[in-house]
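Data first, discussion second: the structure below is written as C-alpha cells.
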Protein chains: 4
Amino acid sequence: MGEQWIQEILNLGEDEKMTPKQLAILQAAIEVFSDKGYSAAATSEIAQKAGVAEGTIFRYYKTKKDLLLSIVGPTMSRMIAPFVLRNFKGVLDIPFDSYEDFLRAFIVNRLEFGRKNFRIIKILIQEIPFQPALREQFVENILGKVVERVEKIVEHFKEKGEIVEIPTPAIIRFTVSSVIGFLLARLLLMPDKDWNDEEEIELTIRFIMHGISPDGIGSKTFK
Amino acid sequence: MGEQWIQEILNLGEDEKMTPKQLAILQAAIEVFSDKGYSAAATSEIAQKAGVAEGTIFRYYKTKKDLLLSIVGPTMSRMIAPFVLRNFKGVLDIPFDSYEDFLRAFIVNRLEFGRKNFRIIKILIQEIPFQPALREQFVENILGKVVERVEKIVEHFKEKGEIVEIPTPAIIRFTVSSVIGFLLARLLLMPDKDWNDEEEIELTIRFIMHGISPDGIGSKTFK
Amino acid sequence: MGEQWIQEILNLGEDEKMTPKQLAILQAAIEVFSDKGYSAAATSEIAQKAGVAEGTIFRYYKTKKDLLLSIVGPTMSRMIAPFVLRNFKGVLDIPFDSYEDFLRAFIVNRLEFGRKNFRIIKILIQEIPFQPALREQFVENILGKVVERVEKIVEHFKEKGEIVEIPTPAIIRFTVSSVIGFLLARLLLMPDKDWNDEEEIELTIRFIMHGISPDGIGSKTFK
Amino acid sequence: MGEQWIQEILNLGEDEKMTPKQLAILQAAIEVFSDKGYSAAATSEIAQKAGVAEGTIFRYYKTKKDLLLSIVGPTMSRMIAPFVLRNFKGVLDIPFDSYEDFLRAFIVNRLEFGRKNFRIIKILIQEIPFQPALREQFVENILGKVVERVEKIVEHFKEKGEIVEIPTPAIIRFTVSSVIGFLLARLLLMPDKDWNDEEEIELTIRFIMHGISPDGIGSKTFK
DNA sequence: CATGAATGAGTATTCATTCAT
DNA sequence: GATGAATGAATACTCATTCAT
C-alpha cells in the first residue's frame, strides 16, 4: 500500500506537512482500529505496526481518541463533498436531467469513494454509536446537509412528475437504503463475489426508479 | 422492565433452569454491552448493575466472551424463526398469496422482533465484525438459511410473473435493503419521530413491489 | 516495627476493620512517601515493599492521592487532640495553674506525638504546599482551632499578669517557634545527639517564660 | 520582573557569561520548581515558560537535577554571606556592641534576603530532605559555618554577662527559632497580613533578649 | 548554538479472571 | 452456590534525555 493515498484522503489535497512517521502512524491506526475496533485497539500495537516508539504517537495526537478523530473526521467531511460542491452555482443548481442521472452519478461516485475509504468508513460506522463527538458531527454536518440537498433534488423531480407523490423523507429513505444496500453487499458482505458493477448499478437504479415512479408510469429508460 | 422477557428471549421457551442472579447478569450485560460496546464494557460494572459479586459472573460464564455469545447467540437463532418454522410442512411451503403478503407479514413481524430485541441486535451488529465465532454462525446459520428460504419464495413469485426476471440475489438485496432501511430509520436513527407505522409499512411495500414488478405492470394493490 | 501502632495512629482507636494487606500498604506508603516525597514515590515500589500486587493498592485507595490523604488526614486530626479535648468542660476550661505548666504539658505531650508520628508529619509538611486539599484542611481545622484555643490561654495569663502586654499573635508566635524549634532540632536535625530531654525542655520553657514575662518580673520558677 | 536580579542572585556578581536563554531557563525553572516541586516539575513546561526548545535546557544543564543544583547552590552560599564576610578582618571580628545590635542587623538583613530569594529558598527547603548532595552542602558549608560564627558571638556576649549561662547550642537554637519563626510567619504563612515590620522586629528582639538574659536582669533597651 | 522530533523506560490505573472462604 | 479480595498483565500516557539537522 503506497503512502500517497493517505495524504490524499486525510488532507483533502491541502499540502499540510505530514512527516513520514505521522503517516505511518495514521496508516497503522486505520488498520488496527478497523481490525479490532477502537476500544480493543492498543496504542502499543499501532506503534509497533507503524515502526515508531509508543511515545511518538502521543507527540502527534494528544490522546488515543484524538487519533481516532483525526482519522475519521476528514473522511466524514469528504463523504458529503459531492453534495455541497456546486451548491452555490445559481438558481438552478440541479445539474441532472433526471433523477436517474443523479442516481447513476451518485452511485458510481460513492462506490469509488467507498472503495478507497473502506476501512475508515468501517471505523466511522463502528464508533458513531459510542463517540458522542462523532455522532454530533455526523448528524449535524453530514446527514443534515445531505438530506437538505437531496430533498431539493427529489422535490424538483416530483414537480416534473418523475417521482410519485409520497412524502419526501420516504423517497430519500428508499433511495439511500437501496444505494447503501448495494454498497454494503458489494464492498463489505461479499467483496469476493464476481461482480459486474455496471450491470448491478443499472439494476439498482431500475429498482429505485420503478419503485418511486408514479403509478402507471415506468421510468423512461426501462420500458 | 420485568424479568420475564429475558427468559423468553434467551431461552426460546425451553425451561432451562435460570437463577434470578443469572437473569440479572444477562440483563445487566445487555445494557452495558449495548451502551459501551463489548470491549469497553467492564465485567465489574455488569456485576454491580446486576447486584452480584464480580466472581459470580464467572460461575455462569467462563469468560467475558462467553457471556457475549450467550446473549447474542440465541437471539441470532430467533432472528430466522419465521423462515424455518414451517419449512418442513410439505411440498408447498409458501403460505402467501403474493410477494406483497409475504412482505407485509415479514415486516410487521420483524418490526415487533426488532422492537423487543433492540439492544441485543445492536450488540450483534456491533460485534459481528470482530468476533469470528459470531460471524461464522451468522453467515452459515442465519444468512444462509434466510437466503435459501427467500430464494424459493422469490422464485415462486417470479414464476407467477409477479416479479421481474432479474437475478434473484439482486431481488433479495433490494427487498432486504428496503426493509432493513425502514427498520433502522424507525428504531435506530429516528425512534422519536412521530411514526405512522401502518402507513409507512404500506409505502415501503409499494416501493418494493413497484421496484421489482415486471415492466409495465404495477402491483395489484397499488394501481 | 509492629503493626499495632499504625492501627492506633490512623484509626484513632476506633476498631474499623483493616486487613493485614491494607496495613502493609499504609506502612509501605508511609515509608516510601517520606523517603522520596509523594511525587517521586512509585506505587510499584510501595506495592513491592508491602508485599502485595500493584492492583491491590487500588482496591483500597482509588488513586495515589487518596492513599496520601488517608495517611496524612487522620494524623492531622490527632495533632490538635490536646487542644480540643477538654474544651467543653465548663466556664473555666484552662486546667493549668500557670503558662509554664501549660508549656510543660504541651511540649512533653507533643514531643511524644512527634516521635511516634515522625514520618507522617514529615510527609504532611512536605506536601502541604502542593496539595490544596491538605492545605485547606490544615489551615481551617488545625491551625484555626489551635490558635483559637491558645489565644484564650494566653489572654488568661495576660490578665493574671504572667505575660507581658504584647499582641497575642506575637506571643503565640514566640511560643510556637520555640517549641517547634526544639522539636525539629530534637527529632529532625540532630536526632542522634545525646539529648537530655528533661533538661532541654526546662531550658526551653525558661527561655519562653523569660521572653514573655512582663518587664522587671522573672518567672516564678526561674528567679 | 526584570532579568537583572537573577544574574545578581545566582552569579554573586561574578560576570560569568550567561546568555539570555540561560537566564530565561533559570527563571522559568525557579517558578515551576517552586510551584510544583522538583519531582512534579516537567522540563517541558520549564522550556515552554522560558520560550526555548526542550533540548536547549540540556545544553546548559546536563540533567534536571543539575538544573536544580544550579539554582539552589549559589543561593545557599549567599545565605551565609553576612557570617563570613568580615571573618578575616582581625582579632576582634565582632562588630556589634551588643547581642541586640547583632540580632537587629541580622534580622533586617535576612528579611531582605528572604524577600528577594523567596522562591529559591522554598525550593531549597523542599528538596533538602531528598537530595543528599544538597543536604551535605547545607550541613557542612552553611549550618557549620553559621553555627561556628554565631557560637563565637554568643560566647563573647556571655562573657560580657549579657547572656545567661546556658549551653551555647541552646542559645543559638532559641535565637534561630525565633528569627526563623518570624521570617516564616512574615513571608510564608501570612504574607498578606498588614505587618509593621519595624515594630515586629523589635518585639522579636525583646523576646529573645529577655529570654536569654541572665536571671534578674532585663535587656538594656527594654526596661 | 539551538532546535524539536524521537525515544523508551516508567507511571498510575484498569480489568478479566482466580480462588480461598 | 456465592463472594470479593487479590492478582498481574495490559493500558494509555508522560517525560527526561538524545541527536540529526
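Scheme for the C-alpha cells: letters A, B, ... for chains in order shown; per-chain residue numbers from 1; ligand numbers from 1 in order shown.
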
Q. If you run DSSP on the backbone, which residues of segment 33-220 of chain B are alpha helix (DSSP H), as a ChimeraX atom specification?
A. /B:33-36,43-50,54-60,64-79,81-84,99-116,118-127,132-137,144-159,168-183,197-212

Q: Up to 9 Å from chain E, what residues of chain C turn up? Count only C-alpha atoms (C1' of nucleotides) and give them as a count of residues only.
A: 7

Q: Compute the set of chain F residues within 9 Å of chain D, using only C-alpha atoms (C1' of nucleotides), and express it as a list in words.
A: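 Putting it all together, I get DC15, DA16, DT17 and DT18 of chain F.
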
How would the residues just chosen look if you wrote them out with C-alpha atoms (C1' of nucleotides) as an mmCIF file, in the first residue's frame?
```cif
data_model
loop_
_atom_site.group_PDB
_atom_site.id
_atom_site.type_symbol
_atom_site.label_atom_id
_atom_site.label_comp_id
_atom_site.auth_asym_id
_atom_site.auth_seq_id
_atom_site.Cartn_x
_atom_site.Cartn_y
_atom_site.Cartn_z
ATOM 1 C "C1'" DC F 15 8.861 12.768 30.458
ATOM 2 C "C1'" DA F 16 13.945 13.298 30.881
ATOM 3 C "C1'" DT F 17 17.133 12.755 27.631
ATOM 4 C "C1'" DT F 18 19.429 12.234 22.942
#
```

Please return, as a short mmCIF file (atom, residue, chain, number, x, y, z; two decimals) with C-alpha atoms, in the first residue's frame, all residues of chain B lying within 9 Å of chain A when only C-alpha atoms are considered.
```
data_model
loop_
_atom_site.label_atom_id
_atom_site.label_comp_id
_atom_site.auth_asym_id
_atom_site.auth_seq_id
_atom_site.Cartn_x
_atom_site.Cartn_y
_atom_site.Cartn_z
CA ASP B 35 -24.24 1.19 25.87
CA LYS B 36 -20.46 0.96 25.80
CA GLY B 37 -19.64 -1.77 23.34
CA TYR B 38 -18.28 -5.16 24.25
CA SER B 39 -14.64 -4.16 24.57
CA ALA B 40 -15.27 -1.09 26.64
CA GLN B 126 -21.51 -4.12 16.54
CA PRO B 129 -17.04 -7.79 12.56
CA PHE B 130 -14.76 -8.56 15.48
CA ILE B 166 -33.75 -10.16 -12.60
CA ALA B 170 -30.50 -8.77 -6.58
CA ILE B 171 -34.19 -9.08 -5.80
CA ARG B 173 -30.92 -7.47 -1.86
CA PHE B 174 -33.49 -4.89 -2.88
CA THR B 175 -36.05 -6.35 -0.58
CA VAL B 176 -33.80 -6.73 2.41
CA SER B 177 -32.19 -3.30 1.96
CA SER B 178 -35.56 -1.64 1.88
CA VAL B 179 -36.91 -3.50 4.86
CA ILE B 180 -33.80 -3.04 6.97
CA GLY B 181 -33.62 0.57 5.87
CA PHE B 182 -37.10 1.05 7.25
CA ALA B 185 -34.79 4.51 10.45
CA GLU B 200 -45.02 3.67 6.45
CA LEU B 203 -45.32 2.81 1.46
CA THR B 204 -42.31 0.57 1.81
CA ARG B 206 -45.39 -0.24 -2.50
CA PHE B 207 -41.81 0.84 -3.19
CA ILE B 208 -40.51 -2.67 -3.25
CA MET B 209 -43.37 -4.07 -5.27
CA HIS B 210 -43.17 -1.32 -7.88
CA GLY B 211 -39.42 -1.71 -7.91
CA ILE B 212 -39.44 -5.39 -8.65
CA SER B 213 -42.56 -5.72 -10.71
CA ASP B 215 -42.05 -3.65 -16.70
CA GLY B 216 -45.41 -2.25 -17.48
CA ILE B 217 -47.18 -3.97 -14.64
CA GLY B 218 -47.89 -2.32 -11.28
CA PHE B 222 -51.29 -0.05 -5.79
CA LYS B 223 -52.73 0.67 -9.17
#
```

Q: Provide the atom CA of Val164 of chain B to atom CA of Arg104 of chain B distance in Å, to one decimal place.
A: 19.1 Å

Q: Write out as a ChimeraX atom specification the residues lying within 9 Å of Ser77 of chain D, counting only C-alpha atoms (C1' of nucleotides) and excluding same-chain residues fewer than 6 positions away.
A: /D:138,141-142
